[in-house]
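Scroll down for the structure; my scribbles are underneath it.
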Amino acid sequence: MRKREFITLLGGAAAWPLAARAQQGERMRRVGVLMNLAADDLEVQPRHASFLQGLQQLGWGVGGSLQIDYRWGAGNADSIRKFAAELVALAPDVILADSIGAFAAKAATTTIPIVFITGEDPVRTGLVASLARPGGNLTGVNLLTGELTAKRLELLRELVPAATRVSVLVNPATTLGETTVRDVEPAARTMGLQIQVFNVSTSREIDAAFATFMRERPDAVLVGIDTFLNSRRVQLVNLAAYHRVPATFSNRGFAEVGGLMSYGSSIVDAWRQAGVYTGRILKGEKPADLPVVQASKFELVINHQTARMLGLTVPDKLLVAADEVIE
């Protein structure tokens, strides 16, 4: 399938029947998808394919009948709230949502099951009562994104051993920004690194942060975790390359567009796990009884071409540990 055809299929408020042949007398099942991504984001296609794989593991989409209704917020919080209300009005059997979508959906319904994919501790943020027994109408997958910040800093230090000053970019508009700062500060002290935090929530502020880098010349940059920052990955990668500053990121999408290195949970695998949970709920299980899944697959991706451009020699230890080395 061509990318343009796929985007057309998923765009806007599209509804896609996974299998048109319903068994006689079988009720059409409906799933709502509420994401803060843009429909044409390059990461949508592999994630969605993995979600369908998870559904198919439970027999959905093969010989049955299932319709999926999509809403893409594209980084607009007002749109997410509006789309959450729209999906609830459709009375789907399950709603799949990212962190922002999950909060909007939770505010819109206390009865429709919601399966979330989040980068933060869902107990601390109030999505569920506990990991083992979520309670209520939500469960899902925790990417453990915040918990991996210290590891990302450690890997960056291995790749740039002479680094002493690291700039950290976070979005202050989300709790993930607070989580990143909270986790990176003690890790930096342990490694003897000085860090400087830059708050960025617009493209202009990202440009301004890198303009400051030109004057202060940090040894490396750690980019925080956030839907907005993910959506600006091309801008961030291009600025890091232009200013010739080594940078590390939270997911492989950055490395694939030229970022030096990424380390984090496999988001594609999380979508598969979310598909499995969605399928189980469609079969009658209750989200209150399904423990929150902790991510167990992590990916280290190194862009060797970018490393050479920056004059960096990637240690053999990292090359061996990497899940993928982009040449």
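Simple scheme: letters A, B, ... for chains in structure tokens order, numbers from 1 for residues in each chain, numbers from 1 for ligands in the order shown.
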Exercise. Mind listing the strand (DSSP E) residues of segment 86-214 of chain A, per DSSP on the backbone, as number ranges by chain?
Key: A: 94-98, 114-118, 138-142, 165-170, 194-199
Would you save the residues from that selection as a PDB file, in the first residue's frame, using C-alpha atoms?
ATOM      1  CA  VAL A  94     -13.478   0.213  23.287  1.00  0.00           C
ATOM      2  CA  ILE A  95     -11.438   3.400  22.880  1.00  0.00           C
ATOM      3  CA  LEU A  96      -7.678   3.244  22.227  1.00  0.00           C
ATOM      4  CA  ALA A  97      -5.861   6.435  23.263  1.00  0.00           C
ATOM      5  CA  ASP A  98      -2.446   7.907  23.969  1.00  0.00           C
ATOM      6  CA  ILE A 114     -10.413   2.731  27.429  1.00  0.00           C
ATOM      7  CA  VAL A 115      -7.051   1.156  26.534  1.00  0.00           C
ATOM      8  CA  PHE A 116      -4.205   3.664  26.855  1.00  0.00           C
ATOM      9  CA  ILE A 117      -0.585   3.836  25.748  1.00  0.00           C
ATOM     10  CA  THR A 118       1.271   6.192  28.079  1.00  0.00           C
ATOM     11  CA  LEU A 138      -9.170   2.128  31.961  1.00  0.00           C
ATOM     12  CA  THR A 139      -6.148  -0.114  31.482  1.00  0.00           C
ATOM     13  CA  GLY A 140      -3.303  -0.208  29.003  1.00  0.00           C
ATOM     14  CA  VAL A 141       0.433  -0.095  28.424  1.00  0.00           C
ATOM     15  CA  ASN A 142       3.063   1.912  30.338  1.00  0.00           C
ATOM     16  CA  ARG A 165      27.919  19.846  29.974  1.00  0.00           C
ATOM     17  CA  VAL A 166      24.607  18.543  28.655  1.00  0.00           C
ATOM     18  CA  SER A 167      21.606  20.648  27.646  1.00  0.00           C
ATOM     19  CA  VAL A 168      18.179  19.105  28.203  1.00  0.00           C
ATOM     20  CA  LEU A 169      15.121  20.117  26.178  1.00  0.00           C
ATOM     21  CA  VAL A 170      11.709  19.523  27.779  1.00  0.00           C
ATOM     22  CA  GLN A 194      26.441  19.672  34.479  1.00  0.00           C
ATOM     23  CA  ILE A 195      23.005  20.067  32.930  1.00  0.00           C
ATOM     24  CA  GLN A 196      21.066  23.074  31.735  1.00  0.00           C
ATOM     25  CA  VAL A 197      17.327  22.697  31.175  1.00  0.00           C
ATOM     26  CA  PHE A 198      15.569  24.530  28.350  1.00  0.00           C
ATOM     27  CA  ASN A 199      11.771  24.737  28.299  1.00  0.00           C
TER      28      ASN A 199
END
Each segment 185-279 of chain A residue no farther than 9 Å from segment 40-45 of chain A, nearest pair in Å, only C-alpha atoms, as JSON lines:
{"residue": "A:Ser231", "atom": "CA", "partner": "A:Asp41", "partner_atom": "CA", "distance": 8.0}
{"residue": "A:Gly253", "atom": "CA", "partner": "A:Glu43", "partner_atom": "CA", "distance": 7.1}
{"residue": "A:Val268", "atom": "CA", "partner": "A:Glu43", "partner_atom": "CA", "distance": 8.8}
Just write the chosen residues, N, CA and C atoms, as a tab-separated table (two decimals), in the first residue's frame.
chain	number	residue	atom	x	y	z
A	231	SER	N	6.70	15.36	17.44
A	231	SER	CA	6.17	15.92	16.18
A	231	SER	C	7.17	16.86	15.52
A	253	GLY	N	12.16	6.91	15.80
A	253	GLY	CA	11.76	7.80	14.72
A	253	GLY	C	12.77	8.92	14.51
A	268	VAL	N	6.03	0.59	18.78
A	268	VAL	CA	5.32	-0.32	17.88
A	268	VAL	C	4.85	-1.56	18.64
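If only C-alpha atoms are the atoms counted, then among A:Ala307, A:Leu144, A:Val184, A:Met214 the closest residue to Ser266 of chain A is A:Leu144.
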Quiz item: Between A:Pro246, A:Gly275, A:Gly146, A:Pro92, which is the closest to Arg308 of chain A once you count only C-alpha atoms?
Solution: A:Pro246
Quiz prompt | Exercise: Arg30 of chain A partners within 6 Å, only C-alpha atoms, chain neighbours under 3 positions left out, as a ChimeraX atom specification | solution = /A:66-68,92-93
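Of the listed residues A:Ala208, A:Leu143, A:Leu159, A:Ala220, the one whose atoms come nearest to Ser250 of chain A is A:Leu143, with distances taken using only C-alpha atoms.
The environment of segment 119-130 of chain A within 9 Å, counting only C-alpha atoms and disregarding residues fewer than 3 places along the same chain, consists of Asp98, Ser99, Ala102, Phe103, Lys106, Arg133, Pro134, Gly135, Gly136, Asn137, Leu138, Thr139, Val141, Asn142, Leu143, Leu144, Thr145, Gly146, Glu147, Thr175, Leu176, Thr179, Ile225, Asp226, Ala288, Pro291 and Val292 of chain A.
Distance-wise, atom CA of Asp183 of chain A and atom CA of Thr212 of chain A end up 23.6 Å apart.
Here atom CA of Val293 of chain A and atom CA of Arg272 of chain A stand 11.5 Å from one another.
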Self-check item: Given only C-alpha atoms as the counted atoms, nearest of A:Met28, A:Leu131, A:Val33, A:Ala211 to Ala274 of chain A
Solution: A:Val33
Quiz prompt | Selection near Arg81 of chain A, 12 Å with only C-alpha atoms, sequence-local residues under 3 positions removed, as a ChimeraX atom specification | solution = /A:34-36,71-73,75-78,84-88,97,100-109
Practice problem: Rank nothing, just name the residue among A:Met261, A:Ala270, A:Leu318, A:Ala295 nearest to Gln53 of chain A, using only C-alpha atoms. | Solution: A:Ala270
Quiz item: segment 21-212 of chain A: which residues are helix (DSSP H, G or I) by DSSP, as a PyMOL selection string?
Solution: chain A and resi 44-57+77-89+99-108+146-159+175-191+203-212
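The residue that comes closest to Ser201 of chain A, out of A:Arg232, A:Lys82, A:Arg152, A:Arg189 and on the basis of only C-alpha atoms, is A:Arg232.
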Need to verify the contact set: Met191 of chain A, 12 Å, only C-alpha atoms, exclusion of same-chain residues closer than 6 positions in sequence. Can you return it as a PDB file with N, CA and C atoms, in the first residue's frame?
ATOM      1  N   ALA A 150      17.516   8.211  32.706  1.00  0.00           N
ATOM      2  CA  ALA A 150      18.882   8.045  33.227  1.00  0.00           C
ATOM      3  C   ALA A 150      19.707   7.137  32.323  1.00  0.00           C
ATOM      4  N   LYS A 151      19.072   6.094  31.798  1.00  0.00           N
ATOM      5  CA  LYS A 151      19.778   5.184  30.893  1.00  0.00           C
ATOM      6  C   LYS A 151      20.165   5.897  29.610  1.00  0.00           C
ATOM      7  N   LEU A 153      20.887   9.027  29.307  1.00  0.00           N
ATOM      8  CA  LEU A 153      22.032   9.887  29.630  1.00  0.00           C
ATOM      9  C   LEU A 153      23.310   9.057  29.731  1.00  0.00           C
ATOM     10  N   GLU A 154      23.201   7.891  30.312  1.00  0.00           N
ATOM     11  CA  GLU A 154      24.362   7.003  30.441  1.00  0.00           C
ATOM     12  C   GLU A 154      24.896   6.594  29.071  1.00  0.00           C
ATOM     13  N   LEU A 155      23.981   6.246  28.153  1.00  0.00           N
ATOM     14  CA  LEU A 155      24.394   5.852  26.806  1.00  0.00           C
ATOM     15  C   LEU A 155      25.022   7.028  26.058  1.00  0.00           C
ATOM     16  N   LEU A 156      24.483   8.221  26.279  1.00  0.00           N
ATOM     17  CA  LEU A 156      25.052   9.409  25.647  1.00  0.00           C
ATOM     18  C   LEU A 156      26.475   9.644  26.136  1.00  0.00           C
ATOM     19  N   ARG A 157      26.682   9.440  27.425  1.00  0.00           N
ATOM     20  CA  ARG A 157      28.032   9.614  27.990  1.00  0.00           C
ATOM     21  C   ARG A 157      29.000   8.587  27.402  1.00  0.00           C
ATOM     22  N   GLU A 158      28.535   7.382  27.159  1.00  0.00           N
ATOM     23  CA  GLU A 158      29.400   6.363  26.556  1.00  0.00           C
ATOM     24  C   GLU A 158      29.784   6.750  25.135  1.00  0.00           C
ATOM     25  N   PRO A 161      32.309  10.441  25.568  1.00  0.00           N
ATOM     26  CA  PRO A 161      32.914  10.325  26.902  1.00  0.00           C
ATOM     27  C   PRO A 161      33.527  11.617  27.426  1.00  0.00           C
ATOM     28  N   ALA A 162      33.875  12.556  26.539  1.00  0.00           N
ATOM     29  CA  ALA A 162      34.490  13.808  26.988  1.00  0.00           C
ATOM     30  C   ALA A 162      33.447  14.833  27.421  1.00  0.00           C
ATOM     31  N   ALA A 163      32.180  14.508  27.282  1.00  0.00           N
ATOM     32  CA  ALA A 163      31.122  15.469  27.604  1.00  0.00           C
ATOM     33  C   ALA A 163      31.117  15.792  29.096  1.00  0.00           C
ATOM     34  N   THR A 164      30.983  17.074  29.409  1.00  0.00           N
ATOM     35  CA  THR A 164      30.831  17.505  30.799  1.00  0.00           C
ATOM     36  C   THR A 164      29.582  18.368  30.984  1.00  0.00           C
ATOM     37  N   ARG A 165      29.103  18.984  29.891  1.00  0.00           N
ATOM     38  CA  ARG A 165      27.919  19.846  29.974  1.00  0.00           C
ATOM     39  C   ARG A 165      26.871  19.351  28.978  1.00  0.00           C
ATOM     40  N   VAL A 166      25.686  19.072  29.485  1.00  0.00           N
ATOM     41  CA  VAL A 166      24.607  18.543  28.655  1.00  0.00           C
ATOM     42  C   VAL A 166      23.385  19.442  28.782  1.00  0.00           C
ATOM     43  N   VAL A 184      16.624  13.168  35.323  1.00  0.00           N
ATOM     44  CA  VAL A 184      17.936  13.421  34.741  1.00  0.00           C
ATOM     45  C   VAL A 184      18.880  14.121  35.725  1.00  0.00           C
ATOM     46  N   GLU A 185      18.356  14.905  36.636  1.00  0.00           N
ATOM     47  CA  GLU A 185      19.226  15.658  37.549  1.00  0.00           C
ATOM     48  C   GLU A 185      20.071  14.758  38.453  1.00  0.00           C
TER      49      GLU A 185
END
Exercise. Would you list the contacts of segment 240-244 of chain A as a list in words, taking every protein, DNA or RNA residue within 10 Å and counting only C-alpha atoms, but skipping same-chain residues closer than 4 positions in sequence?
Key: Phe210, Ala211, Phe213, Met214, Arg217, Asp219, Ala220, Val221, Val234, Gln235, Leu236, Thr248, Gly258, Gly259, Leu260, Thr306, Met309, Leu310 and Gly311 of chain A
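Distance-wise, atom CA of Asp69 of chain A and atom CA of Ala39 of chain A end up 12.6 Å apart.
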